[in-house]
>>> print(open('model12.cif').read())   # mmCIF, C-alpha atoms, pLDDT in the B column; chains and numbers go by the auth columns
data_structure
#
loop_
_atom_site.group_PDB
_atom_site.id
_atom_site.type_symbol
_atom_site.label_atom_id
_atom_site.label_comp_id
_atom_site.label_asym_id
_atom_site.label_seq_id
_atom_site.Cartn_x
_atom_site.Cartn_y
_atom_site.Cartn_z
_atom_site.B_iso_or_equiv
_atom_site.auth_seq_id
_atom_site.auth_asym_id
ATOM 1 C CA MET A 1 -0.347 -19.994 -28.243 81.00 3 I
ATOM 2 C CA SER A 2 1.189 -23.493 -28.179 85.00 4 I
ATOM 3 C CA GLU A 3 4.596 -22.016 -27.364 87.00 5 I
ATOM 4 C CA ILE A 4 3.190 -19.970 -24.490 86.00 6 I
ATOM 5 C CA ALA A 5 1.315 -22.985 -23.090 87.00 7 I
ATOM 6 C CA ARG A 6 4.447 -25.109 -23.245 88.00 8 I
ATOM 7 C CA ASP A 7 6.737 -22.482 -21.691 88.00 9 I
ATOM 8 C CA MET A 8 4.299 -21.727 -18.855 87.00 10 I
ATOM 9 C CA GLY A 9 3.231 -25.305 -18.266 89.00 11 I
ATOM 10 C CA ILE A 10 -0.490 -24.626 -18.554 90.00 12 I
ATOM 11 C CA SER A 11 -3.244 -25.730 -20.959 91.00 13 I
ATOM 12 C CA LYS A 12 -3.941 -24.042 -24.292 88.00 14 I
ATOM 13 C CA THR A 13 -7.473 -23.347 -23.127 91.00 15 I
ATOM 14 C CA ARG A 14 -6.204 -21.391 -20.142 91.00 16 I
ATOM 15 C CA VAL A 15 -3.665 -19.532 -22.272 88.00 17 I
ATOM 16 C CA HIS A 16 -6.366 -18.621 -24.765 89.00 18 I
ATOM 17 C CA ARG A 17 -8.624 -17.278 -22.008 90.00 19 I
ATOM 18 C CA HIS A 18 -5.834 -15.089 -20.598 90.00 20 I
ATOM 19 C CA LEU A 19 -4.782 -13.839 -24.026 89.00 21 I
ATOM 20 C CA ARG A 20 -8.333 -12.868 -24.969 89.00 22 I
ATOM 21 C CA ALA A 21 -8.645 -10.855 -21.760 90.00 23 I
ATOM 22 C CA LEU A 22 -5.330 -9.100 -22.469 88.00 24 I
ATOM 23 C CA VAL A 23 -6.426 -8.359 -26.034 88.00 25 I
ATOM 24 C CA GLN A 24 -9.717 -6.871 -24.823 87.00 26 I
ATOM 25 C CA HIS A 25 -7.856 -4.516 -22.476 83.00 27 I
ATOM 26 C CA GLY A 26 -5.268 -3.498 -25.082 83.00 28 I
ATOM 27 C CA TYR A 27 -2.222 -5.129 -23.498 83.00 29 I
ATOM 28 C CA VAL A 28 -1.836 -7.696 -26.297 88.00 30 I
ATOM 29 C CA LEU A 29 -2.525 -7.537 -30.051 88.00 31 I
ATOM 30 C CA GLN A 30 -3.412 -10.384 -32.410 87.00 32 I
ATOM 31 C CA ASP A 31 -2.513 -10.396 -36.090 85.00 33 I
ATOM 32 C CA PRO A 32 -5.789 -11.150 -37.954 85.00 34 I
ATOM 33 C CA GLU A 33 -3.948 -13.019 -40.721 85.00 35 I
ATOM 34 C CA THR A 34 -1.395 -15.123 -38.815 87.00 36 I
ATOM 35 C CA GLU A 35 -3.385 -15.188 -35.533 83.00 37 I
ATOM 36 C CA ARG A 36 -0.076 -14.745 -33.712 86.00 38 I
ATOM 37 C CA TYR A 37 0.083 -12.500 -30.653 86.00 39 I
ATOM 38 C CA GLU A 38 2.348 -9.585 -29.809 86.00 40 I
ATOM 39 C CA ILE A 39 2.570 -7.050 -27.017 82.00 41 I
ATOM 40 C CA GLY A 40 0.362 -3.961 -27.237 80.00 42 I
ATOM 41 C CA ILE A 41 1.104 -0.312 -26.588 72.00 43 I
ATOM 42 C CA LYS A 42 -0.542 -0.405 -23.143 74.00 44 I
ATOM 43 C CA LEU A 43 1.923 -3.065 -22.045 72.00 45 I
ATOM 44 C CA LEU A 44 4.814 -0.919 -23.265 64.00 46 I
ATOM 45 C CA VAL A 45 3.434 2.067 -21.344 63.00 47 I
ATOM 46 C CA LEU A 46 3.026 -0.069 -18.224 63.00 48 I
ATOM 47 C CA GLY A 47 6.593 -1.307 -18.565 62.00 49 I
ATOM 48 C CA GLU A 48 7.857 2.257 -18.839 57.00 50 I
ATOM 49 C CA ALA A 49 5.948 3.232 -15.705 57.00 51 I
ATOM 50 C CA VAL A 50 7.440 0.297 -13.795 56.00 52 I
ATOM 51 C CA ARG A 51 10.928 1.232 -15.001 55.00 53 I
ATOM 52 C CA ASP A 52 10.436 4.769 -13.710 56.00 54 I
ATOM 53 C CA ARG A 53 9.457 3.460 -10.279 58.00 55 I
ATOM 54 C CA PHE A 54 12.519 1.243 -10.086 57.00 56 I
ATOM 55 C CA ASP A 55 14.610 4.262 -11.065 83.00 57 I
ATOM 56 C CA VAL A 56 13.152 6.106 -8.079 88.00 58 I
ATOM 57 C CA LEU A 57 14.039 3.231 -5.763 87.00 59 I
ATOM 58 C CA THR A 58 17.576 3.033 -7.109 89.00 60 I
ATOM 59 C CA ALA A 59 18.019 6.775 -6.634 92.00 61 I
ATOM 60 C CA THR A 60 16.549 6.958 -3.127 93.00 62 I
ATOM 61 C CA ARG A 61 17.924 3.850 -1.432 91.00 63 I
ATOM 62 C CA PRO A 62 21.364 5.329 -0.632 92.00 64 I
ATOM 63 C CA GLU A 63 19.586 8.316 0.904 95.00 65 I
ATOM 64 C CA MET A 64 17.250 6.154 2.968 96.00 66 I
ATOM 65 C CA GLY A 65 20.099 4.727 5.015 95.00 67 I
ATOM 66 C CA ARG A 66 21.735 8.092 5.538 95.00 68 I
ATOM 67 C CA LEU A 67 18.451 9.733 6.477 96.00 69 I
ATOM 68 C CA ARG A 68 17.602 6.973 8.963 96.00 70 I
ATOM 69 C CA ASP A 69 21.045 7.187 10.548 96.00 71 I
ATOM 70 C CA GLU A 70 20.949 10.992 10.763 96.00 72 I
ATOM 71 C CA THR A 71 17.415 11.275 12.180 96.00 73 I
ATOM 72 C CA GLY A 72 16.831 7.901 13.832 95.00 74 I
ATOM 73 C CA GLN A 73 13.362 7.841 12.252 95.00 75 I
ATOM 74 C CA THR A 74 11.683 5.407 9.860 95.00 76 I
ATOM 75 C CA VAL A 75 12.186 6.349 6.206 96.00 77 I
ATOM 76 C CA THR A 76 9.676 5.698 3.412 96.00 78 I
ATOM 77 C CA VAL A 77 9.670 6.206 -0.349 96.00 79 I
ATOM 78 C CA SER A 78 6.501 6.508 -2.424 95.00 80 I
ATOM 79 C CA ALA A 79 5.411 7.011 -6.028 94.00 81 I
ATOM 80 C CA LEU A 80 2.228 7.334 -8.039 93.00 82 I
ATOM 81 C CA VAL A 81 1.005 3.928 -9.218 87.00 83 I
ATOM 82 C CA GLU A 82 -2.241 3.834 -11.201 84.00 84 I
ATOM 83 C CA ASN A 83 -3.408 7.120 -9.665 89.00 85 I
ATOM 84 C CA ALA A 84 -2.681 5.992 -6.104 92.00 86 I
ATOM 85 C CA ILE A 85 0.147 6.886 -3.751 94.00 87 I
ATOM 86 C CA VAL A 86 1.948 3.629 -3.017 92.00 88 I
ATOM 87 C CA VAL A 87 4.753 3.016 -0.524 92.00 89 I
ATOM 88 C CA LEU A 88 7.622 1.513 -2.531 91.00 90 I
ATOM 89 C CA ASP A 89 10.119 0.940 0.254 91.00 91 I
ATOM 90 C CA LEU A 90 10.507 1.326 4.013 93.00 92 I
ATOM 91 C CA LEU A 91 13.494 1.342 6.351 93.00 93 I
ATOM 92 C CA GLN A 92 12.605 1.044 10.023 92.00 94 I
ATOM 93 C CA GLY A 93 14.054 3.668 12.341 92.00 95 I
ATOM 94 C CA LYS A 94 16.028 3.296 15.541 88.00 96 I
ATOM 95 C CA THR A 95 13.167 4.123 17.907 82.00 97 I
ATOM 96 C CA LEU A 96 11.401 1.573 20.112 76.00 98 I
ATOM 97 C CA VAL A 97 8.157 1.888 18.154 71.00 99 I
ATOM 98 C CA GLU A 98 7.956 0.303 14.694 72.00 100 I
ATOM 99 C CA PHE A 99 5.424 1.399 12.092 68.00 101 I
ATOM 100 C CA GLY A 100 3.129 -1.196 10.566 65.00 102 I
ATOM 101 C CA ILE A 101 2.955 0.353 7.096 77.00 103 I
ATOM 102 C CA ARG A 102 4.647 -1.841 4.496 81.00 104 I
ATOM 103 C CA PRO A 103 5.735 -1.548 0.854 84.00 105 I
ATOM 104 C CA GLY A 104 2.687 -1.838 -1.374 85.00 106 I
ATOM 105 C CA ALA A 105 0.417 0.048 1.022 89.00 107 I
ATOM 106 C CA THR A 106 -1.583 2.964 -0.386 92.00 108 I
ATOM 107 C CA LEU A 107 -1.944 6.337 1.325 95.00 109 I
ATOM 108 C CA ASP A 108 -4.700 8.931 1.186 96.00 110 I
ATOM 109 C CA PHE A 109 -3.676 12.027 -0.734 97.00 111 I
ATOM 110 C CA HIS A 110 -5.197 14.492 1.711 97.00 112 I
ATOM 111 C CA ALA A 111 -4.089 12.757 4.923 96.00 113 I
ATOM 112 C CA SER A 112 -0.428 11.959 4.262 97.00 114 I
ATOM 113 C CA ALA A 113 2.766 13.889 3.611 97.00 115 I
ATOM 114 C CA HIS A 114 3.498 11.716 0.559 98.00 116 I
ATOM 115 C CA GLY A 115 -0.006 12.405 -0.731 97.00 117 I
ATOM 116 C CA LEU A 116 0.295 16.175 -0.315 98.00 118 I
ATOM 117 C CA ILE A 117 3.578 16.104 -2.241 98.00 119 I
ATOM 118 C CA ALA A 118 1.794 14.246 -5.058 98.00 120 I
ATOM 119 C CA LEU A 119 -1.023 16.799 -5.145 97.00 121 I
ATOM 120 C CA ALA A 120 1.499 19.649 -5.258 97.00 122 I
ATOM 121 C CA TYR A 121 3.880 18.267 -7.887 97.00 123 I
ATOM 122 C CA GLY A 122 2.056 15.454 -9.651 95.00 124 I
ATOM 123 C CA PRO A 123 -0.462 15.588 -12.527 93.00 125 I
ATOM 124 C CA SER A 124 -2.902 18.480 -12.217 90.00 126 I
ATOM 125 C CA TYR A 125 -5.919 16.176 -12.440 94.00 127 I
ATOM 126 C CA LEU A 126 -5.040 14.489 -9.133 95.00 128 I
ATOM 127 C CA LEU A 127 -6.289 17.352 -6.987 95.00 129 I
ATOM 128 C CA GLU A 128 -9.479 17.580 -9.041 94.00 130 I
ATOM 129 C CA GLN A 129 -10.139 13.860 -8.578 94.00 131 I
ATOM 130 C CA VAL A 130 -9.487 14.025 -4.838 95.00 132 I
ATOM 131 C CA LEU A 131 -11.858 16.960 -4.403 95.00 133 I
ATOM 132 C CA GLU A 132 -14.639 15.192 -6.311 94.00 134 I
ATOM 133 C CA CYS A 133 -15.152 12.814 -3.375 92.00 135 I
ATOM 134 C CA PRO A 134 -15.709 13.459 0.341 94.00 136 I
ATOM 135 C CA LEU A 135 -12.403 13.656 2.233 96.00 137 I
ATOM 136 C CA LYS A 136 -12.275 10.921 4.859 96.00 138 I
ATOM 137 C CA ALA A 137 -11.680 12.062 8.437 96.00 139 I
ATOM 138 C CA TRP A 138 -9.189 9.577 9.865 96.00 140 I
ATOM 139 C CA THR A 139 -8.808 11.685 13.016 96.00 141 I
ATOM 140 C CA PRO A 140 -10.302 14.939 14.319 96.00 142 I
ATOM 141 C CA ALA A 141 -7.227 16.682 12.861 94.00 143 I
ATOM 142 C CA THR A 142 -7.553 15.285 9.328 96.00 144 I
ATOM 143 C CA LEU A 143 -7.705 17.954 6.635 94.00 145 I
ATOM 144 C CA VAL A 144 -11.236 17.480 5.210 96.00 146 I
ATOM 145 C CA ASP A 145 -12.093 21.029 4.112 96.00 147 I
ATOM 146 C CA PRO A 146 -11.511 21.275 0.301 96.00 148 I
ATOM 147 C CA ALA A 147 -10.611 24.967 0.503 96.00 149 I
ATOM 148 C CA LYS A 148 -8.055 24.366 3.248 96.00 150 I
ATOM 149 C CA LEU A 149 -6.623 21.418 1.319 97.00 151 I
ATOM 150 C CA LYS A 150 -6.061 23.648 -1.713 96.00 152 I
ATOM 151 C CA VAL A 151 -4.278 26.208 0.471 97.00 153 I
ATOM 152 C CA GLU A 152 -2.072 23.507 1.995 97.00 154 I
ATOM 153 C CA VAL A 153 -1.152 22.128 -1.426 97.00 155 I
ATOM 154 C CA GLU A 154 -0.075 25.617 -2.530 97.00 156 I
ATOM 155 C CA LYS A 155 2.093 25.935 0.570 97.00 157 I
ATOM 156 C CA VAL A 156 3.728 22.586 -0.157 97.00 158 I
ATOM 157 C CA ARG A 157 4.396 23.615 -3.753 95.00 159 I
ATOM 158 C CA GLY A 158 6.140 26.759 -2.571 94.00 160 I
ATOM 159 C CA ARG A 159 8.418 25.174 0.037 95.00 161 I
ATOM 160 C CA ARG A 160 9.205 21.670 -1.338 95.00 162 I
ATOM 161 C CA TRP A 161 8.149 19.732 1.763 98.00 163 I
ATOM 162 C CA ALA A 162 4.986 18.495 3.447 98.00 164 I
ATOM 163 C CA THR A 163 3.945 17.252 6.868 98.00 165 I
ATOM 164 C CA ALA A 164 0.830 15.448 8.115 96.00 166 I
ATOM 165 C CA ALA A 165 0.884 15.585 11.906 96.00 167 I
ATOM 166 C CA ASP A 166 -2.047 13.646 13.453 96.00 168 I
ATOM 167 C CA GLN A 167 -3.729 13.479 10.035 96.00 169 I
ATOM 168 C CA LEU A 168 -3.831 9.706 9.666 93.00 170 I
ATOM 169 C CA LEU A 169 -3.077 8.618 13.226 93.00 171 I
ATOM 170 C CA ILE A 170 -2.954 10.689 16.406 95.00 172 I
ATOM 171 C CA GLY A 171 0.611 11.093 17.624 94.00 173 I
ATOM 172 C CA VAL A 172 2.239 10.289 14.273 95.00 174 I
ATOM 173 C CA ASN A 173 3.802 12.675 11.774 96.00 175 I
ATOM 174 C CA ALA A 174 5.737 12.454 8.514 96.00 176 I
ATOM 175 C CA LEU A 175 7.971 14.908 6.705 98.00 177 I
ATOM 176 C CA ALA A 176 8.283 14.369 2.941 98.00 178 I
ATOM 177 C CA SER A 177 10.066 16.047 0.025 98.00 179 I
ATOM 178 C CA PRO A 178 9.681 15.472 -3.734 98.00 180 I
ATOM 179 C CA VAL A 179 12.053 13.635 -6.075 97.00 181 I
ATOM 180 C CA PHE A 180 12.389 14.873 -9.679 95.00 182 I
ATOM 181 C CA ASP A 181 13.963 13.434 -12.837 92.00 183 I
ATOM 182 C CA TYR A 182 16.073 14.913 -15.655 87.00 184 I
ATOM 183 C CA ARG A 183 12.925 16.389 -17.227 88.00 185 I
ATOM 184 C CA ASN A 184 12.237 18.207 -13.956 92.00 186 I
ATOM 185 C CA GLU A 185 9.140 16.025 -13.561 92.00 187 I
ATOM 186 C CA TRP A 186 8.031 14.687 -10.181 95.00 188 I
ATOM 187 C CA ARG A 187 8.740 10.969 -9.741 93.00 189 I
ATOM 188 C CA GLY A 188 8.005 10.298 -6.075 95.00 190 I
ATOM 189 C CA SER A 189 8.962 11.382 -2.588 97.00 191 I
ATOM 190 C CA ILE A 190 11.094 10.408 0.381 98.00 192 I
ATOM 191 C CA ALA A 191 9.995 10.961 3.974 97.00 193 I
ATOM 192 C CA ILE A 192 10.810 10.380 7.602 97.00 194 I
ATOM 193 C CA VAL A 193 7.973 9.002 9.745 96.00 195 I
ATOM 194 C CA GLY A 194 7.753 8.978 13.514 94.00 196 I
ATOM 195 C CA SER A 195 6.054 10.054 16.673 94.00 197 I
ATOM 196 C CA THR A 196 5.121 13.723 16.997 94.00 198 I
ATOM 197 C CA GLN A 197 7.428 13.622 20.006 93.00 199 I
ATOM 198 C CA PHE A 198 10.325 13.395 17.551 94.00 200 I
ATOM 199 C CA ILE A 199 8.843 14.961 14.389 95.00 201 I
ATOM 200 C CA GLU A 200 6.777 17.911 15.526 95.00 202 I
ATOM 201 C CA ALA A 201 4.010 19.543 13.494 93.00 203 I
ATOM 202 C CA LYS A 202 6.602 22.188 12.662 94.00 204 I
ATOM 203 C CA PRO A 203 9.744 20.092 12.022 96.00 205 I
ATOM 204 C CA SER A 204 13.107 21.285 13.197 97.00 206 I
ATOM 205 C CA ALA A 205 15.379 23.159 10.804 97.00 207 I
ATOM 206 C CA ARG A 206 17.779 20.215 10.865 97.00 208 I
ATOM 207 C CA GLN A 207 15.076 17.699 9.929 97.00 209 I
ATOM 208 C CA LEU A 208 13.885 19.930 7.090 97.00 210 I
ATOM 209 C CA ALA A 209 17.411 20.339 5.761 97.00 211 I
ATOM 210 C CA LEU A 210 18.139 16.594 5.923 98.00 212 I
ATOM 211 C CA VAL A 211 14.924 15.480 4.194 98.00 213 I
ATOM 212 C CA VAL A 212 15.027 18.124 1.464 97.00 214 I
ATOM 213 C CA GLU A 213 18.702 17.399 0.775 97.00 215 I
ATOM 214 C CA ALA A 214 18.030 13.646 0.625 97.00 216 I
ATOM 215 C CA ALA A 215 15.304 14.260 -1.962 97.00 217 I
ATOM 216 C CA SER A 216 17.559 16.633 -3.892 96.00 218 I
ATOM 217 C CA GLU A 217 20.412 14.126 -3.951 95.00 219 I
ATOM 218 C CA ALA A 218 18.085 11.379 -5.182 95.00 220 I
ATOM 219 C CA SER A 219 16.819 13.781 -7.846 95.00 221 I
ATOM 220 C CA ARG A 220 20.352 14.530 -8.980 94.00 222 I
ATOM 221 C CA ARG A 221 20.888 10.815 -9.497 91.00 223 I
ATOM 222 C CA LEU A 222 17.963 10.949 -11.923 90.00 224 I
ATOM 223 C CA GLY A 223 19.572 13.832 -13.812 89.00 225 I
ATOM 224 C CA TRP A 224 17.608 16.657 -12.188 89.00 226 I
ATOM 225 C CA LYS A 225 19.086 20.142 -12.159 80.00 227 I
ATOM 226 C CA VAL A 226 17.957 22.858 -9.782 70.00 228 I
ATOM 227 C CA ASN A 227 17.644 25.440 -12.532 54.00 229 I
ATOM 228 C CA PRO A 228 17.110 23.568 -15.820 44.00 230 I
ATOM 229 C CA GLN A 229 17.789 25.689 -18.911 39.00 231 I
#
>>> encode(input="model12.cif", output="structure tokens")
Amino acid sequence: MSEIARDMGISKTRVHRHLRALVQHGYVLQDPETERYEIGIKLLVLGEAVRDRFDVLTATRPEMGRLRDETGQTVTVSALVENAIVVLDLLQGKTLVEFGIRPGATLDFHASAHGLIALAYGPSYLLEQVLECPLKAWTPATLVDPAKLKVEVEKVRGRRWATAADQLLIGVNALASPVFDYRNEWRGSIAIVGSTQFIEAKPSARQLALVVEAASEASRRLGWKVNPQ
């Protein structure tokens, strides 16, 4: 504890208070004989989760620039962080209108393209958790019927892309596709975001091809194979 206090430049009392809290939550362990501290399994798990997210960013960033240049639209990347869909990165498009969403923002599962991708390819319990609570109606077009949400998630799972036209904000749409790793497990998604004037409720064949290919290329960087043996 003295070493930690010295290295961090804070009092032993404050260090002790923080360490006790970390011990209570399982992030730090204390040897009962030596009273020395060491990292706990929960901290290792958290570190692994953070590493996975940085892997997703490393894999998607080259595609973000290409996708923005090819479509002219804003590009976003998201991942699941503590059971929430979080925007990890954003590259503004070439249109006159900029989008206020920023890295670190969370998105509703049922009202966003990133969220629908998560429900389709993420842990099975996500959909159950979402359906346990009332679905917030952000606009008159928001998907708030549980049965219809289930149908939409199945459609997304079958086609590898999702849209959310007017779901969160009238006049705005997003087109997202999933990113997988070498275990063929979903790690996040990449999307273009823009006005429904440019990304219609039914995206163009070119937009679909560009977004799906960007996600596939990012997945290949993580070791994903289309038909794993």
>>> closest_residue(input="model12.cif", among="I:Val132, I:Leu24, I:Ser218, I:Ile119", to="Lys44 in chain I", atoms="all atoms listed in the file")
I:Leu24
>>> closest_residue(input="model12.cif", among="I:Trp226, I:Ile43, I:Phe200, I:Ser80", to="Val99 in chain I", atoms="all atoms listed in the file")
I:Phe200
>>> resolve_selection(input="model12.cif", expression="the PyMOL selection byres ((chain I and resi 97) around 10)", output="PyMOL selection string")
chain I and resi 74-76+94-96+98-100+196-197+200
>>> write_last_selection(input="model12.cif", atoms="C-alpha atoms", output="short mmCIF file (atom, residue, chain, number, x, y, z; two decimals), keeping the file's coordinate frame")
data_model
loop_
_atom_site.label_atom_id
_atom_site.label_comp_id
_atom_site.auth_asym_id
_atom_site.auth_seq_id
_atom_site.Cartn_x
_atom_site.Cartn_y
_atom_site.Cartn_z
CA GLY I 74 16.83 7.90 13.83
CA GLN I 75 13.36 7.84 12.25
CA THR I 76 11.68 5.41 9.86
CA GLN I 94 12.60 1.04 10.02
CA GLY I 95 14.05 3.67 12.34
CA LYS I 96 16.03 3.30 15.54
CA LEU I 98 11.40 1.57 20.11
CA VAL I 99 8.16 1.89 18.15
CA GLU I 100 7.96 0.30 14.69
CA GLY I 196 7.75 8.98 13.51
CA SER I 197 6.05 10.05 16.67
CA PHE I 200 10.32 13.40 17.55
#
>>> closest_residue(input="model12.cif", among="I:Leu177, I:Ala149, I:Ala143, I:Leu90", to="Ala211 in chain I", atoms="only C-alpha atoms")
I:Leu177
>>> residues_around(input="model12.cif", residues="Gly106 in chain I", least_positions_apart="5", cutoff="12 Å", atoms="only C-alpha atoms", output="number ranges by chain")
I: 78-83, 86-92
>>> closest_residue(input="model12.cif", among="I:Val213, I:Leu133, I:Val174, I:Leu224", to="Ile192 in chain I", atoms="only C-alpha atoms")
I:Val213
>>> atom_distance(input="model12.cif", atom1="CA of Leu129 in chain I", atom2="CA of Phe111 in chain I")
8.6 Å
>>> atom_distance(input="model12.cif", atom1="CA of Leu45 in chain I", atom2="CA of Gly117 in chain I")
26.4 Å
>>> atom_distance(input="model12.cif", atom1="CA of Ile194 in chain I", atom2="CA of Ser221 in chain I")
16.9 Å
>>> resolve_selection(input="model12.cif", expression="the PyMOL selection byres ((chain I and resi 123) around 12)", output="VMD selection string")
chain I and resid 81 to 82 116 to 122 124 to 129 155 to 164 179 to 182 186 to 191
>>> residues_around(input="model12.cif", residues="Thr141 in chain I", least_positions_apart="4", cutoff="10 Å", atoms="all atoms listed in the file", output="ChimeraX atom specification")
/I:113,145,168-172
>>> closest_residue(input="model12.cif", among="I:Val25, I:Leu212, I:Ala220, I:Ser13", to="Asp71 in chain I", atoms="only C-alpha atoms")
I:Leu212
>>> closest_residue(input="model12.cif", among="I:Ile6, I:Ala178, I:Cys135, I:Ala61", to="Pro205 in chain I", atoms="only C-alpha atoms")
I:Ala178
>>> axis_aligned_box(input="model12.cif", around="range 189-204 of chain I", padding_each_side="4 Å", output="JSON")
{"center_x": 7.6, "center_y": 15.6, "center_z": 5.1, "size_x": 15.1, "size_y": 21.2, "size_z": 37.7}
>>> residues_around(input="model12.cif", residues="Gly225 in chain I", least_positions_apart="2", cutoff="7 Å", atoms="all atoms listed in the file", output="VMD selection string")
chain I and resid 183 to 184 221 to 223 227
